[in-house]
$ cat query_33.txt   # compact mmCIF, N, CA and C atoms
# COMPACT_ATOMS: atom_id res chain seq x y z
N MET A 1 0.84 -1.18 0.00
CA MET A 1 0.00 0.00 0.00
C MET A 1 0.87 1.24 0.00
N SER A 2 0.51 2.19 -0.83
CA SER A 2 1.25 3.43 -0.88
C SER A 2 0.85 4.33 0.29
N SER A 3 1.82 4.63 1.15
CA SER A 3 1.49 5.46 2.31
C SER A 3 1.12 6.88 1.89
N GLN A 4 1.66 7.35 0.78
CA GLN A 4 1.29 8.70 0.31
C GLN A 4 -0.17 8.74 -0.14
N ILE A 5 -0.59 7.74 -0.90
CA ILE A 5 -1.99 7.69 -1.35
C ILE A 5 -2.92 7.55 -0.15
N ILE A 6 -2.56 6.70 0.81
CA ILE A 6 -3.38 6.53 2.02
C ILE A 6 -3.48 7.86 2.76
N SER A 7 -2.39 8.58 2.88
CA SER A 7 -2.38 9.88 3.54
C SER A 7 -3.27 10.87 2.80
N GLU A 8 -3.23 10.84 1.48
CA GLU A 8 -4.08 11.74 0.69
C GLU A 8 -5.55 11.37 0.82
N ILE A 9 -5.83 10.07 0.87
CA ILE A 9 -7.22 9.63 1.07
C ILE A 9 -7.71 10.11 2.43
N ARG A 10 -6.86 9.99 3.44
CA ARG A 10 -7.21 10.46 4.79
C ARG A 10 -7.57 11.94 4.76
N GLN A 11 -6.75 12.73 4.06
CA GLN A 11 -7.03 14.16 3.92
C GLN A 11 -8.38 14.37 3.23
N ALA A 12 -8.63 13.59 2.18
CA ALA A 12 -9.86 13.75 1.40
C ALA A 12 -11.11 13.44 2.22
N ILE A 13 -11.06 12.38 3.01
CA ILE A 13 -12.28 11.99 3.74
C ILE A 13 -12.51 12.82 4.99
N THR A 14 -11.49 13.55 5.43
CA THR A 14 -11.67 14.38 6.63
C THR A 14 -11.79 15.87 6.30
N ASP A 15 -11.71 16.23 5.03
CA ASP A 15 -11.78 17.63 4.59
C ASP A 15 -13.12 17.87 3.91
N LYS A 16 -14.03 18.52 4.63
CA LYS A 16 -15.36 18.77 4.08
C LYS A 16 -15.42 20.06 3.27
N GLY A 17 -14.29 20.75 3.16
CA GLY A 17 -14.26 22.04 2.45
C GLY A 17 -13.80 21.95 1.00
N HIS A 18 -13.45 20.74 0.53
CA HIS A 18 -12.96 20.59 -0.83
C HIS A 18 -13.54 19.33 -1.46
N ASN A 19 -13.43 19.24 -2.76
CA ASN A 19 -13.77 18.02 -3.49
C ASN A 19 -12.47 17.34 -3.89
N TYR A 20 -12.46 16.03 -3.77
CA TYR A 20 -11.29 15.24 -4.15
C TYR A 20 -11.70 14.20 -5.18
N PHE A 21 -10.85 14.02 -6.16
CA PHE A 21 -11.07 13.01 -7.18
C PHE A 21 -9.80 12.20 -7.34
N PHE A 22 -9.97 10.89 -7.49
CA PHE A 22 -8.82 10.04 -7.78
C PHE A 22 -8.72 9.89 -9.28
N ASP A 23 -7.58 10.26 -9.82
CA ASP A 23 -7.29 10.14 -11.24
C ASP A 23 -6.78 8.72 -11.49
N LYS A 24 -7.62 7.89 -12.12
CA LYS A 24 -7.28 6.49 -12.33
C LYS A 24 -6.10 6.31 -13.28
N LEU A 25 -5.93 7.23 -14.22
CA LEU A 25 -4.84 7.09 -15.18
C LEU A 25 -3.49 7.44 -14.56
N ASN A 26 -3.45 8.52 -13.78
CA ASN A 26 -2.20 8.99 -13.19
C ASN A 26 -1.99 8.53 -11.75
N LYS A 27 -2.98 7.81 -11.21
CA LYS A 27 -2.89 7.25 -9.85
C LYS A 27 -2.56 8.31 -8.80
N ARG A 28 -3.35 9.40 -8.81
CA ARG A 28 -3.13 10.46 -7.84
C ARG A 28 -4.45 11.13 -7.50
N LEU A 29 -4.48 11.82 -6.37
CA LEU A 29 -5.67 12.55 -5.97
C LEU A 29 -5.59 13.99 -6.45
N ILE A 30 -6.74 14.51 -6.83
CA ILE A 30 -6.85 15.90 -7.28
C ILE A 30 -7.75 16.62 -6.29
N LEU A 31 -7.31 17.77 -5.85
CA LEU A 31 -8.05 18.61 -4.91
C LEU A 31 -8.69 19.76 -5.67
N LEU A 32 -9.99 19.97 -5.46
CA LEU A 32 -10.69 21.10 -6.07
C LEU A 32 -11.48 21.84 -5.00
N ALA A 33 -11.69 23.13 -5.24
CA ALA A 33 -12.53 23.93 -4.34
C ALA A 33 -13.93 23.33 -4.32
N LYS A 34 -14.59 23.40 -3.19
CA LYS A 34 -15.94 22.84 -3.04
C LYS A 34 -16.94 23.52 -3.98
N ASN A 35 -16.79 24.80 -4.14
CA ASN A 35 -17.70 25.58 -4.96
C ASN A 35 -17.03 25.85 -6.31
N ALA A 36 -17.53 25.22 -7.36
CA ALA A 36 -16.92 25.35 -8.69
C ALA A 36 -16.91 26.80 -9.18
N GLN A 37 -17.86 27.62 -8.73
CA GLN A 37 -17.88 29.02 -9.14
C GLN A 37 -16.70 29.80 -8.59
N MET A 38 -16.04 29.26 -7.57
CA MET A 38 -14.89 29.95 -6.97
C MET A 38 -13.62 29.75 -7.79
N LEU A 39 -13.66 28.83 -8.76
CA LEU A 39 -12.47 28.57 -9.55
C LEU A 39 -12.25 29.67 -10.57
N GLU A 40 -11.08 30.22 -10.57
CA GLU A 40 -10.73 31.29 -11.51
C GLU A 40 -10.55 30.69 -12.90
N TYR A 41 -11.17 31.32 -13.89
CA TYR A 41 -11.08 30.84 -15.26
C TYR A 41 -9.62 30.71 -15.67
N GLY A 42 -9.26 29.58 -16.24
CA GLY A 42 -7.88 29.37 -16.68
C GLY A 42 -6.94 28.88 -15.60
N SER A 43 -7.41 28.82 -14.35
CA SER A 43 -6.56 28.34 -13.27
C SER A 43 -6.33 26.84 -13.42
N PHE A 44 -5.32 26.35 -12.73
CA PHE A 44 -5.02 24.92 -12.78
C PHE A 44 -6.23 24.10 -12.34
N GLN A 45 -6.88 24.51 -11.24
CA GLN A 45 -8.03 23.76 -10.75
C GLN A 45 -9.18 23.80 -11.75
N ALA A 46 -9.40 24.94 -12.40
CA ALA A 46 -10.46 25.03 -13.41
C ALA A 46 -10.17 24.10 -14.57
N CYS A 47 -8.92 24.00 -14.97
CA CYS A 47 -8.52 23.08 -16.04
C CYS A 47 -8.74 21.63 -15.62
N GLN A 48 -8.42 21.33 -14.36
CA GLN A 48 -8.64 19.98 -13.84
C GLN A 48 -10.12 19.63 -13.86
N LEU A 49 -10.96 20.59 -13.48
CA LEU A 49 -12.40 20.36 -13.46
C LEU A 49 -12.91 20.08 -14.87
N VAL A 50 -12.45 20.83 -15.85
CA VAL A 50 -12.84 20.59 -17.24
C VAL A 50 -12.44 19.18 -17.66
N HIS A 51 -11.23 18.79 -17.30
CA HIS A 51 -10.73 17.45 -17.62
C HIS A 51 -11.62 16.37 -16.98
N ILE A 52 -11.99 16.58 -15.74
CA ILE A 52 -12.85 15.63 -15.03
C ILE A 52 -14.22 15.55 -15.70
N GLU A 53 -14.76 16.70 -16.08
CA GLU A 53 -16.08 16.73 -16.70
C GLU A 53 -16.08 16.08 -18.09
N ARG A 54 -14.97 16.19 -18.80
CA ARG A 54 -14.88 15.61 -20.15
C ARG A 54 -14.66 14.10 -20.12
N LYS A 55 -13.99 13.60 -19.11
CA LYS A 55 -13.67 12.17 -19.02
C LYS A 55 -14.00 11.64 -17.63
N PRO A 56 -15.26 11.70 -17.22
CA PRO A 56 -15.60 11.30 -15.85
C PRO A 56 -15.27 9.84 -15.54
N GLU A 57 -15.19 9.01 -16.57
CA GLU A 57 -14.88 7.60 -16.35
C GLU A 57 -13.45 7.39 -15.84
N ASN A 58 -12.60 8.40 -15.98
CA ASN A 58 -11.21 8.31 -15.52
C ASN A 58 -11.02 8.78 -14.08
N PHE A 59 -12.11 9.18 -13.42
CA PHE A 59 -12.00 9.76 -12.09
C PHE A 59 -13.01 9.15 -11.13
N VAL A 60 -12.60 9.04 -9.89
CA VAL A 60 -13.48 8.55 -8.82
C VAL A 60 -13.53 9.64 -7.75
N SER A 61 -14.74 10.05 -7.42
CA SER A 61 -14.92 11.05 -6.37
C SER A 61 -14.65 10.40 -5.02
N ILE A 62 -13.85 11.07 -4.19
CA ILE A 62 -13.58 10.60 -2.82
C ILE A 62 -14.39 11.49 -1.89
N GLU A 63 -15.42 10.92 -1.31
CA GLU A 63 -16.34 11.67 -0.47
C GLU A 63 -15.84 11.78 0.96
N PRO A 64 -16.11 12.92 1.61
CA PRO A 64 -15.75 13.03 3.03
C PRO A 64 -16.65 12.12 3.88
N ILE A 65 -16.19 11.86 5.08
CA ILE A 65 -16.98 11.07 6.02
C ILE A 65 -18.29 11.78 6.25
N SER A 66 -19.36 11.03 6.19
CA SER A 66 -20.68 11.64 6.39
C SER A 66 -20.95 11.83 7.89
N GLU A 67 -21.82 12.76 8.18
CA GLU A 67 -22.22 12.96 9.58
C GLU A 67 -22.90 11.71 10.11
N ALA A 68 -23.61 11.00 9.23
CA ALA A 68 -24.27 9.76 9.65
C ALA A 68 -23.24 8.72 10.10
N ASP A 69 -22.13 8.60 9.35
CA ASP A 69 -21.06 7.67 9.76
C ASP A 69 -20.45 8.10 11.09
N GLU A 70 -20.16 9.40 11.21
CA GLU A 70 -19.56 9.89 12.46
C GLU A 70 -20.50 9.66 13.64
N PHE A 71 -21.79 9.89 13.42
CA PHE A 71 -22.78 9.68 14.48
C PHE A 71 -22.84 8.20 14.86
N GLU A 72 -22.78 7.32 13.87
CA GLU A 72 -22.77 5.88 14.14
C GLU A 72 -21.53 5.50 14.95
N TRP A 73 -20.38 6.07 14.61
CA TRP A 73 -19.15 5.79 15.34
C TRP A 73 -19.25 6.27 16.78
N MET A 74 -19.85 7.45 16.98
CA MET A 74 -20.00 7.98 18.34
C MET A 74 -20.90 7.07 19.16
N ASN A 75 -21.99 6.59 18.57
CA ASN A 75 -22.89 5.67 19.27
C ASN A 75 -22.21 4.36 19.59
N GLU A 76 -21.42 3.85 18.65
CA GLU A 76 -20.68 2.61 18.88
C GLU A 76 -19.68 2.80 20.03
N PHE A 77 -18.98 3.93 20.01
CA PHE A 77 -18.02 4.23 21.07
C PHE A 77 -18.72 4.33 22.42
N ALA A 78 -19.84 5.03 22.48
CA ALA A 78 -20.58 5.18 23.73
C ALA A 78 -21.04 3.83 24.26
N ALA A 79 -21.48 2.95 23.35
CA ALA A 79 -21.92 1.62 23.76
C ALA A 79 -20.75 0.78 24.28
N ILE A 80 -19.62 0.85 23.59
CA ILE A 80 -18.44 0.09 24.02
C ILE A 80 -17.99 0.56 25.41
N GLN A 81 -18.04 1.86 25.62
CA GLN A 81 -17.62 2.43 26.90
C GLN A 81 -18.68 2.25 27.99
N SER A 82 -19.89 1.86 27.58
CA SER A 82 -21.02 1.75 28.53
C SER A 82 -21.16 3.03 29.34
N ASN A 83 -21.05 4.15 28.65
CA ASN A 83 -21.07 5.45 29.31
C ASN A 83 -22.46 6.07 29.14
N PHE A 84 -23.20 6.11 30.23
CA PHE A 84 -24.57 6.63 30.20
C PHE A 84 -24.61 8.09 29.77
N LEU A 85 -23.67 8.90 30.22
CA LEU A 85 -23.66 10.32 29.83
C LEU A 85 -23.51 10.48 28.31
N LEU A 86 -22.62 9.70 27.72
CA LEU A 86 -22.45 9.77 26.27
C LEU A 86 -23.71 9.30 25.55
N ILE A 87 -24.26 8.19 26.00
CA ILE A 87 -25.47 7.65 25.36
C ILE A 87 -26.61 8.66 25.46
N GLU A 88 -26.76 9.24 26.62
CA GLU A 88 -27.82 10.25 26.83
C GLU A 88 -27.56 11.49 25.98
N GLY A 89 -26.30 11.94 25.94
CA GLY A 89 -25.95 13.12 25.16
C GLY A 89 -26.22 12.93 23.67
N LEU A 90 -26.00 11.73 23.18
CA LEU A 90 -26.22 11.44 21.76
C LEU A 90 -27.70 11.40 21.39
N SER A 91 -28.56 11.26 22.37
CA SER A 91 -30.00 11.24 22.08
C SER A 91 -30.63 12.61 22.31
N GLY A 92 -29.81 13.60 22.67
CA GLY A 92 -30.33 14.93 22.93
C GLY A 92 -30.43 15.80 21.69
N GLU A 93 -30.63 17.07 21.94
CA GLU A 93 -30.87 18.04 20.87
C GLU A 93 -29.63 18.34 20.03
N ASN A 94 -28.47 18.43 20.63
CA ASN A 94 -27.21 18.70 19.92
C ASN A 94 -26.22 17.56 20.19
N PRO A 95 -26.44 16.39 19.55
CA PRO A 95 -25.65 15.22 19.91
C PRO A 95 -24.15 15.36 19.66
N PHE A 96 -23.75 16.01 18.58
CA PHE A 96 -22.32 16.16 18.30
C PHE A 96 -21.65 17.02 19.37
N GLU A 97 -22.28 18.13 19.67
CA GLU A 97 -21.74 19.04 20.68
C GLU A 97 -21.69 18.36 22.05
N ALA A 98 -22.78 17.68 22.41
CA ALA A 98 -22.83 17.00 23.71
C ALA A 98 -21.75 15.93 23.80
N PHE A 99 -21.60 15.16 22.74
CA PHE A 99 -20.60 14.09 22.73
C PHE A 99 -19.21 14.66 22.96
N PHE A 100 -18.85 15.67 22.19
CA PHE A 100 -17.49 16.22 22.32
C PHE A 100 -17.27 16.96 23.63
N ASP A 101 -18.31 17.57 24.16
CA ASP A 101 -18.19 18.20 25.48
C ASP A 101 -17.90 17.14 26.55
N ILE A 102 -18.63 16.03 26.50
CA ILE A 102 -18.46 14.98 27.50
C ILE A 102 -17.10 14.30 27.34
N VAL A 103 -16.75 13.95 26.12
CA VAL A 103 -15.47 13.27 25.87
C VAL A 103 -14.30 14.17 26.30
N SER A 104 -14.40 15.46 25.98
CA SER A 104 -13.32 16.39 26.32
C SER A 104 -13.19 16.62 27.81
N ALA A 105 -14.29 16.49 28.52
CA ALA A 105 -14.28 16.75 29.97
C ALA A 105 -13.96 15.51 30.79
N THR A 106 -13.75 14.38 30.13
CA THR A 106 -13.49 13.14 30.85
C THR A 106 -12.15 12.55 30.40
N ILE A 107 -11.84 11.41 30.95
CA ILE A 107 -10.59 10.73 30.57
C ILE A 107 -10.74 9.96 29.26
N LEU A 108 -11.87 10.14 28.56
CA LEU A 108 -12.14 9.37 27.35
C LEU A 108 -11.59 10.00 26.07
N LEU A 109 -11.02 11.19 26.16
CA LEU A 109 -10.59 11.88 24.95
C LEU A 109 -9.56 11.07 24.17
N ASP A 110 -8.52 10.59 24.82
CA ASP A 110 -7.49 9.80 24.12
C ASP A 110 -8.08 8.50 23.56
N THR A 111 -8.96 7.89 24.31
CA THR A 111 -9.58 6.64 23.87
C THR A 111 -10.45 6.90 22.65
N TRP A 112 -11.21 8.01 22.67
CA TRP A 112 -12.04 8.38 21.51
C TRP A 112 -11.16 8.65 20.29
N GLN A 113 -10.09 9.39 20.47
CA GLN A 113 -9.23 9.72 19.34
C GLN A 113 -8.62 8.46 18.73
N GLU A 114 -8.24 7.51 19.57
CA GLU A 114 -7.70 6.24 19.07
C GLU A 114 -8.77 5.46 18.31
N PHE A 115 -9.98 5.41 18.86
CA PHE A 115 -11.11 4.73 18.22
C PHE A 115 -11.41 5.38 16.88
N TYR A 116 -11.48 6.71 16.86
CA TYR A 116 -11.79 7.47 15.64
C TYR A 116 -10.70 7.22 14.59
N ASN A 117 -9.45 7.25 14.99
CA ASN A 117 -8.36 7.01 14.05
C ASN A 117 -8.41 5.60 13.47
N GLN A 118 -8.81 4.63 14.27
CA GLN A 118 -8.96 3.26 13.76
C GLN A 118 -10.05 3.21 12.69
N LYS A 119 -11.15 3.91 12.93
CA LYS A 119 -12.24 3.95 11.95
C LYS A 119 -11.77 4.63 10.66
N ILE A 120 -11.04 5.74 10.81
CA ILE A 120 -10.52 6.47 9.64
C ILE A 120 -9.55 5.57 8.87
N ASN A 121 -8.64 4.92 9.57
CA ASN A 121 -7.67 4.05 8.92
C ASN A 121 -8.36 2.93 8.15
N PHE A 122 -9.36 2.33 8.76
CA PHE A 122 -10.10 1.26 8.09
C PHE A 122 -10.77 1.80 6.83
N MET A 123 -11.38 2.97 6.93
CA MET A 123 -12.05 3.58 5.77
C MET A 123 -11.04 3.89 4.66
N CYS A 124 -9.88 4.43 5.02
CA CYS A 124 -8.83 4.73 4.04
C CYS A 124 -8.37 3.47 3.32
N GLU A 125 -8.13 2.41 4.08
CA GLU A 125 -7.68 1.16 3.49
C GLU A 125 -8.74 0.56 2.57
N SER A 126 -9.99 0.70 2.96
CA SER A 126 -11.09 0.19 2.14
C SER A 126 -11.17 0.97 0.82
N ILE A 127 -11.07 2.28 0.90
CA ILE A 127 -11.10 3.11 -0.32
C ILE A 127 -9.90 2.77 -1.20
N TYR A 128 -8.73 2.66 -0.59
CA TYR A 128 -7.50 2.30 -1.34
C TYR A 128 -7.72 0.97 -2.08
N ASP A 129 -8.22 -0.02 -1.36
CA ASP A 129 -8.44 -1.34 -1.96
C ASP A 129 -9.41 -1.24 -3.14
N ASN A 130 -10.47 -0.44 -2.99
CA ASN A 130 -11.44 -0.28 -4.08
C ASN A 130 -10.81 0.42 -5.28
N LEU A 131 -9.89 1.34 -5.04
CA LEU A 131 -9.27 2.07 -6.14
C LEU A 131 -8.25 1.23 -6.89
N PHE A 132 -7.57 0.33 -6.19
CA PHE A 132 -6.47 -0.40 -6.80
C PHE A 132 -6.74 -1.88 -7.05
N HIS A 133 -7.94 -2.33 -6.77
CA HIS A 133 -8.25 -3.76 -7.02
C HIS A 133 -9.51 -3.91 -7.81
$ encode --input "query_33.txt" --output "structure tokens"
Amino acid sequence: MSSQIISEIRQAITDKGHNYFFDKLNKRLILLAKNAQMLEYGSFQACQLVHIERKPENFVSIEPISEADEFEWMNEFAAIQSNFLLIEGLSGENPFEAFFDIVSATILLDTWQEFYNQKINFMCESIYDNLFH
């Protein structure tokens, strides 16, 4: 596995401010602004977008982690920890905020970060495998 490609996939799935495409011919990731109207005419990114639009079969969009996936991970983590505060916070009005407030205020922050990184790593490896197999 190419550690550079894995690192780029990690960036792509955790960056909700940009669009990423995997160029199947050149085996590399392309970063584009989220809003196509922000691309300056004639810029490198605008040229890349034209290339992607003309030959979409040569590119695979790499989507960021969805909020639904993150929410599922938080619920899984809360269940594994058997932490009533986390479980209760996730069923409240602002579950993301409650979860991170509770995790940050307890000894669970390092454990959560390790759990989250494992999920990210698994997702990166899965995307890599789909791109190269």
$ axis_aligned_box --input "query_33.txt" --around "stretch 116-121 of chain A" --padding-each-side "8 Å" --output "AutoDock Vina command-line options"
--center_x -10.0 --center_y 5.2 --center_z 12.5 --size_x 20.6 --size_y 20.5 --size_z 24.7
$ atom_distance --input "query_33.txt" --atom1 "atom CA of A:Asn19" --atom2 "atom CA of A:Leu31"
5.9 Å
$ select_by_dssp --input "query_33.txt" --residues "chain A" --states "helix (DSSP H, G or I)" --output "ChimeraX atom specification"
/A:3-14,36-38,44-54,56-58,67-81,84-90,95-105,109-132
$ atom_distance --input "query_33.txt" --atom1 "atom CA of A:Ile120" --atom2 "atom CA of A:Leu85"
24.4 Å
$ residues_near_point --input "query_33.txt" --point "(-23.8, 9.1, 20.2)" --cutoff "6 Å" --atoms "only N, CA and C atoms" --output "list of chain:residue names"
A:Phe71, A:Met74, A:Asn75, A:Glu76, A:Leu86, A:Ile87, A:Gly89, A:Leu90, A:Ser91
$ select_by_dssp --input "query_33.txt" --residues "chain A" --states "strand (DSSP E)" --output "MDAnalysis selection string"
chainID A and resid 18:23 28:33 59:62
$ atom_distance --input "query_33.txt" --atom1 "atom N of A:Asp129" --atom2 "atom N of A:Trp112"
25.5 Å
$ residues_around --input "query_33.txt" --residues "A:Ile6" --least-positions-apart "6" --cutoff "9 Å" --atoms "only C-alpha atoms" --output "list of chain:residue names"
A:Asn121, A:Cys124, A:Glu125, A:Ile127, A:Tyr128
$ residues_around --input "query_33.txt" --residues "A:Arg10" --least-positions-apart "2" --cutoff "12 Å" --atoms "only C-alpha atoms" --output "compact mmCIF listing (two decimals) with N, CA and C atoms, in the coordinates of the input"
# COMPACT_ATOMS: atom_id res chain seq x y z
N SER A 3 1.82 4.63 1.15
CA SER A 3 1.49 5.46 2.31
C SER A 3 1.12 6.88 1.89
N GLN A 4 1.66 7.35 0.78
CA GLN A 4 1.29 8.70 0.31
C GLN A 4 -0.17 8.74 -0.14
N ILE A 5 -0.59 7.74 -0.90
CA ILE A 5 -1.99 7.69 -1.35
C ILE A 5 -2.92 7.55 -0.15
N ILE A 6 -2.56 6.70 0.81
CA ILE A 6 -3.38 6.53 2.02
C ILE A 6 -3.48 7.86 2.76
N SER A 7 -2.39 8.58 2.88
CA SER A 7 -2.38 9.88 3.54
C SER A 7 -3.27 10.87 2.80
N GLU A 8 -3.23 10.84 1.48
CA GLU A 8 -4.08 11.74 0.69
C GLU A 8 -5.55 11.37 0.82
N ALA A 12 -8.63 13.59 2.18
CA ALA A 12 -9.86 13.75 1.40
C ALA A 12 -11.11 13.44 2.22
N ILE A 13 -11.06 12.38 3.01
CA ILE A 13 -12.28 11.99 3.74
C ILE A 13 -12.51 12.82 4.99
N THR A 14 -11.49 13.55 5.43
CA THR A 14 -11.67 14.38 6.63
C THR A 14 -11.79 15.87 6.30
N ASP A 15 -11.71 16.23 5.03
CA ASP A 15 -11.78 17.63 4.59
C ASP A 15 -13.12 17.87 3.91
N LYS A 16 -14.03 18.52 4.63
CA LYS A 16 -15.36 18.77 4.08
C LYS A 16 -15.42 20.06 3.27
N TYR A 20 -12.46 16.03 -3.77
CA TYR A 20 -11.29 15.24 -4.15
C TYR A 20 -11.70 14.20 -5.18
N LEU A 29 -4.48 11.82 -6.37
CA LEU A 29 -5.67 12.55 -5.97
C LEU A 29 -5.59 13.99 -6.45
N ILE A 62 -13.85 11.07 -4.19
CA ILE A 62 -13.58 10.60 -2.82
C ILE A 62 -14.39 11.49 -1.89
N GLU A 63 -15.42 10.92 -1.31
CA GLU A 63 -16.34 11.67 -0.47
C GLU A 63 -15.84 11.78 0.96
N PRO A 64 -16.11 12.92 1.61
CA PRO A 64 -15.75 13.03 3.03
C PRO A 64 -16.65 12.12 3.88
N ILE A 65 -16.19 11.86 5.08
CA ILE A 65 -16.98 11.07 6.02
C ILE A 65 -18.29 11.78 6.25
N ASN A 117 -9.45 7.25 14.99
CA ASN A 117 -8.36 7.01 14.05
C ASN A 117 -8.41 5.60 13.47
N GLN A 118 -8.81 4.63 14.27
CA GLN A 118 -8.96 3.26 13.76
C GLN A 118 -10.05 3.21 12.69
N LYS A 119 -11.15 3.91 12.93
CA LYS A 119 -12.24 3.95 11.95
C LYS A 119 -11.77 4.63 10.66
N ILE A 120 -11.04 5.74 10.81
CA ILE A 120 -10.52 6.47 9.64
C ILE A 120 -9.55 5.57 8.87
N ASN A 121 -8.64 4.92 9.57
CA ASN A 121 -7.67 4.05 8.92
C ASN A 121 -8.36 2.93 8.15
N PHE A 122 -9.36 2.33 8.76
CA PHE A 122 -10.10 1.26 8.09
C PHE A 122 -10.77 1.80 6.83
N MET A 123 -11.38 2.97 6.93
CA MET A 123 -12.05 3.58 5.77
C MET A 123 -11.04 3.89 4.66
N CYS A 124 -9.88 4.43 5.02
CA CYS A 124 -8.83 4.73 4.04
C CYS A 124 -8.37 3.47 3.32
N GLU A 125 -8.13 2.41 4.08
CA GLU A 125 -7.68 1.16 3.49
C GLU A 125 -8.74 0.56 2.57
N SER A 126 -9.99 0.70 2.96
CA SER A 126 -11.09 0.19 2.14
C SER A 126 -11.17 0.97 0.82
N ILE A 127 -11.07 2.28 0.90
CA ILE A 127 -11.10 3.11 -0.32
C ILE A 127 -9.90 2.77 -1.20
N TYR A 128 -8.73 2.66 -0.59
CA TYR A 128 -7.50 2.30 -1.34
C TYR A 128 -7.72 0.97 -2.08
$ residues_around --input "query_33.txt" --residues "A:Glu57" --least-positions-apart "6" --cutoff "12 Å" --atoms "only C-alpha atoms" --output "count of residues only"
6
$ closest_residue --input "query_33.txt" --among "A:Glu93, A:Asp110, A:Tyr116, A:Ala105" --to "A:Asp69" --atoms "only C-alpha atoms"
A:Tyr116
